[in-house]
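The structure under discussion appears below in the form of structure tokens.
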Amino acid sequence: MSTLTEARPLPAVASAEPRRWAAVFALARFEARELLLQIPVLFFSLLYVGYLGWQVWTSDREGMNEFPVLHEADRATQTPPMLIAVAMLVCANRAVLRSRRRGTDRHFDVLVMEPWRRTVAHALSVVPFAVAVGLAVAGHFTWQALKPGAMGHGSFAELVVAPLAVLLLGVLGVLLARLIPSSFAVPLLALGAFVGTMLLASGLGDPLWLRWMWPVVAENESDPVPSDLIGRPAAWHVLYLVGLTVLLLCLAVLLSGGRARLVMAVAVGSAALTLTGAVAQSAGDSPALTAARVRASVTPEKDQTCIRHDRSTYCAFPEWTERTEDWAGAVRRVQSLAGGAAGGTRLTVRQRVEARYGPGTDSSFAPSRTPGQVTVGTNWGGNRIPEFAVGVASVLVAGDEEAGGEVCDARTVVVMWLALGTEPDPMASLRNVRLDDSVSGSAIALTPTHPLSMTAQQTDVVREMLERPRYSITAKVKAHWTELTSPKTSTARAAELLDVPVPKGKEEKNEEDECGA
């Protein structure tokens with residue numbers, strides 16, 4: 001007699017869903033370590049860190065770095081990390097294709113993890129690098145914001161562009177690997193996209209919508225403008241980058257066999273976000289923004305706050321009002337060397353911008369004809385300080401900026417002495433303020449508006465004055481102020497009055513009608 005037992009089905013050994021995702025995260029960590037060991041990623045990461053270190057090291061040697069404008073500094077964080085982003089594009093693509101190159105694709109068929117989960121793991125392996133870039137961007141921006149001379153305010157949307165670009169290009173590399181399983185596809189497609197975009201932009205006149213299709217939209221280097229005049233659609237661009245990143249990830253998952261309704265729904269939603277961001281960021285400048293830019297450029301006094309320091313008035317845009325004390329310090333130093341009534345002249349220092357054509361355009365200001373008005377720009381520190389001092393000195397000597405740009409003979413010598421006489425290193429300042437960085441021969445001396453022409457003989461006299469003790473030259477300048485500031489006094493006569501060697505050779509000067517009276 002035999003006993004019959006009913007056969008019972010064995011329980012399934014399939015992994016629970018949480019354990020499957022734990023495997024995905026474990027694979028992502030492994031692939032992230034592998035990416036870090038790739039030569040392009042390691043090299044460009046070290047290069048980026050070196051760039052940040054160089055910025056910190058040179059900040060004490062370049063004066064303008066001590067006075068950052070934060071709504072310009074946030075955009076400056078975007079371009080350098082693009083090297084890491086390109087490395088992510090190439091190396092993430094090669095990581096996905098590693099099994100194909102080594103002939104191990106067939107082994108994945110016996111694993112529990114589905115191909116689409118491996119695709120998600122490869123995409124997640126880029127996240128640590130995006131986070132690292134985000135931390136580096138935040139640290140660099142915070143370091144600049146904590147400087148005593150910092151002003152303005154940064155944009156969170158501008159700051160997150162760099163890490164989003166790294167994530168976007170990494171995900172794009174994963175998608176291309178699933179779409180075209182060849183390691184040569186990425187370099188060829190990247191080169192073709194770049195060349196094609198450049199040709200299209202050239203043919204269409206660089207339209208706004210095409211420029212904002214790129215992850216990072218850089219502007220030409222120019223003088224800062226008030227933050228409310230920038231008009232960059234940074235928030236819409238972030239929406240575009242986020243939507244595009246998620247859309248590319250969904251496409252890669254779909255190509256890997258992930259057909260869940262959730263993936264399809266997320267793909268449709270991200271496509272809508274991408275389209276919304278792309279359309280909004282291409283809208284262009286509003287009429288209100290255009291009118292505000294014209295008002296700030298043509299009639300800045302309507303938007304400015306004026307503050308009185310000593311005898312003079314300083315008018316600045318709201319974000320620069322704290323800078324007026326620095327301007328006043330430069331004016332005090334110049335007037336301390338002047339003689340006659342110039343030492344107590346009431347000046348109006350007015351900040352000017354050129355914003356009518358948007359950010360990234362060069363600022364060129366016509367000299368003012370208003371007596372006692374001095375122009376100052378939005379940059380400060382470094383060479384901008386002696387250039388501003390030259391502008392102040394030319395107004396003290398000639399009366400207004402237009403006449404100050406036409407002075408010649410002895411008045412040029414006086415202007416340069418007033419501007420540079422109190423500098424810690426007058427000869428270095430003379431070199432920095434001249435267009436050709438020289439301290440001999442004829443040259444152009446820069447000011448915020450019209451440059452000042454210097455002959456070789458005037459340069460010789462100024463150099464002799466700057467090399468002598470300040471107190472001795474100051475006393476002679478004040479004693480002979482009336483004659484030194486007369487348009488009839490020659491450079492040679494100025495040298496005699498100041499007791500410095502008379503320059504040799506015949507002075508080549510402007511025509512009489514070009515020399516301000």
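By order in the structure tokens, chains are A, B, ...; within a chain, residues start at 1; ligands start at 1, following the order shown.
By chain and then residue number, the residues within 7 Å of Ala366 of chain A are Ser364, Ser368, Thr449 and His450 of chain A, counting only C-alpha atoms and disregarding those fewer than 2 positions away in sequence.
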Tell me, as a VMD selection string, which residues lie within 12 Å of Trp143 of chain A, counting only C-alpha atoms; anything in the same chain fewer than 2 positions away does not count.
chain A and resid 52 to 53 55 to 56 59 65 to 66 68 70 73 to 74 136 to 141 145 to 150
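Distance annotation: of A:Gly205, A:Gly339, A:Gly421, A:Gly399, the residue with the minimal separation from Ala479 of chain A is A:Gly339; atom set is only C-alpha atoms.
For the atom pair formed by atom CA of Leu83 of chain A and atom CA of Leu164 of chain A, the distance is 13.4 Å, given to one decimal.
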Just want the 8 Å neighbourhood of His153 of chain A, counted on only C-alpha atoms, with same-chain residues fewer than 4 positions away dropped. Output as a PyMOL selection string.
chain A and resi 69-71+227
I need the residues from that last selection saved to file as a PDB file, in the first residue's frame (with N, CA, C and O atoms), if you can.
```pdb
ATOM      1  N   VAL A  69      30.877  91.297  -8.271  1.00  0.00           N
ATOM      2  CA  VAL A  69      29.446  91.581  -8.428  1.00  0.00           C
ATOM      3  C   VAL A  69      28.753  90.226  -8.506  1.00  0.00           C
ATOM      4  O   VAL A  69      28.958  89.467  -9.452  1.00  0.00           O
ATOM      5  N   LEU A  70      27.948  89.905  -7.506  1.00  0.00           N
ATOM      6  CA  LEU A  70      27.469  88.535  -7.334  1.00  0.00           C
ATOM      7  C   LEU A  70      26.526  88.089  -8.435  1.00  0.00           C
ATOM      8  O   LEU A  70      26.473  86.899  -8.755  1.00  0.00           O
ATOM      9  N   HIS A  71      25.765  89.006  -9.042  1.00  0.00           N
ATOM     10  CA  HIS A  71      24.903  88.578 -10.138  1.00  0.00           C
ATOM     11  C   HIS A  71      25.683  88.438 -11.452  1.00  0.00           C
ATOM     12  O   HIS A  71      25.088  88.117 -12.480  1.00  0.00           O
ATOM     13  N   SER A 227      21.046  94.091 -11.521  1.00  0.00           N
ATOM     14  CA  SER A 227      20.497  92.744 -11.694  1.00  0.00           C
ATOM     15  C   SER A 227      19.127  92.749 -12.352  1.00  0.00           C
ATOM     16  O   SER A 227      18.788  91.812 -13.083  1.00  0.00           O
TER      17      SER A 227
END
```
Please provide as a PyMOL selection string all residues within 12 Å of Thr361 of chain A, with the sequence filter that same-chain residues fewer than 6 positions apart are discarded (counting only C-alpha atoms).
chain A and resi 219-225+230+353-355
Give me the residues near Gly50 of chain A as a PDB file with C-alpha atoms, in the first residue's frame, where near means some atom within 12 Å (using only C-alpha atoms) and where sequence neighbours in that chain fewer than 6 positions away do not count.
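Result file follows (out-v2.pdb):
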```pdb
ATOM      1  CA  PHE A  43      41.892  64.672 -15.548  1.00  0.00           C
ATOM      2  CA  PHE A  44      39.136  67.239 -16.028  1.00  0.00           C
ATOM      3  CA  VAL A  56      41.585  81.693  -4.759  1.00  0.00           C
ATOM      4  CA  TRP A  57      45.356  82.104  -5.033  1.00  0.00           C
ATOM      5  CA  PRO A  80      34.368  75.703 -16.325  1.00  0.00           C
ATOM      6  CA  PRO A  81      32.442  72.554 -15.222  1.00  0.00           C
ATOM      7  CA  ALA A 136      32.129  73.191  -5.733  1.00  0.00           C
TER       8      ALA A 136
END
```
Using only C-alpha atoms, determine which residues lie at most 7 Å from segment 19-28 of chain A, disregarding the query and same-chain residues fewer than 5 positions distant; provide the list as a ChimeraX atom specification.
/A:117-118,121-122,124-125
Would you save the residues from that selection as an mmCIF file, in the first residue's frame, using N, CA and C atoms?
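Wrote result_25.cif, looks like this:
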```cif
data_model
loop_
_atom_site.group_PDB
_atom_site.id
_atom_site.type_symbol
_atom_site.label_atom_id
_atom_site.label_comp_id
_atom_site.auth_asym_id
_atom_site.auth_seq_id
_atom_site.Cartn_x
_atom_site.Cartn_y
_atom_site.Cartn_z
ATOM 1 N N ARG A 117 16.772 48.374 -15.641
ATOM 2 C CA ARG A 117 17.306 48.754 -14.330
ATOM 3 C C ARG A 117 18.802 49.051 -14.419
ATOM 4 N N ARG A 118 19.507 48.292 -15.246
ATOM 5 C CA ARG A 118 20.945 48.595 -15.432
ATOM 6 C C ARG A 118 21.116 49.976 -16.073
ATOM 7 N N ALA A 121 20.735 52.452 -13.387
ATOM 8 C CA ALA A 121 21.937 52.469 -12.541
ATOM 9 C C ALA A 121 23.050 53.275 -13.191
ATOM 10 N N HIS A 122 23.227 53.122 -14.505
ATOM 11 C CA HIS A 122 24.259 53.903 -15.199
ATOM 12 C C HIS A 122 23.940 55.400 -15.116
ATOM 13 N N LEU A 124 22.211 56.870 -12.729
ATOM 14 C CA LEU A 124 22.430 57.284 -11.340
ATOM 15 C C LEU A 124 23.912 57.415 -11.010
ATOM 16 N N SER A 125 24.768 56.728 -11.734
ATOM 17 C CA SER A 125 26.205 56.822 -11.450
ATOM 18 C C SER A 125 26.761 58.202 -11.752
#
```
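Residues in contact with segment 463-474 of chain A at up to 9 Å, not including ones fewer than 2 positions away on its chain and judged by only C-alpha atoms, are Leu337, Ala338, Gly339, Trp417, Leu420, Gly421, Thr422, Pro426, Met427, Leu430, Val439, Ser440, Gln458, Thr459, Asp460, Val461, Lys476, Val477, Lys478, Ala479, Leu498, Asp499, Val500 and Pro501 of chain A.
Of the residues under consideration (A:Ser282, A:Leu244, A:Thr489, A:Leu251), A:Leu244 shows the shortest atom-to-atom contact distance to Ser270 of chain A when counting only C-alpha atoms.
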Please return as a PyMOL selection string: the residues of segment 440-495 of chain A that backbone DSSP assigns to helix (DSSP H, G or I).
chain A and resi 456-467+470-479+481-484+491-495
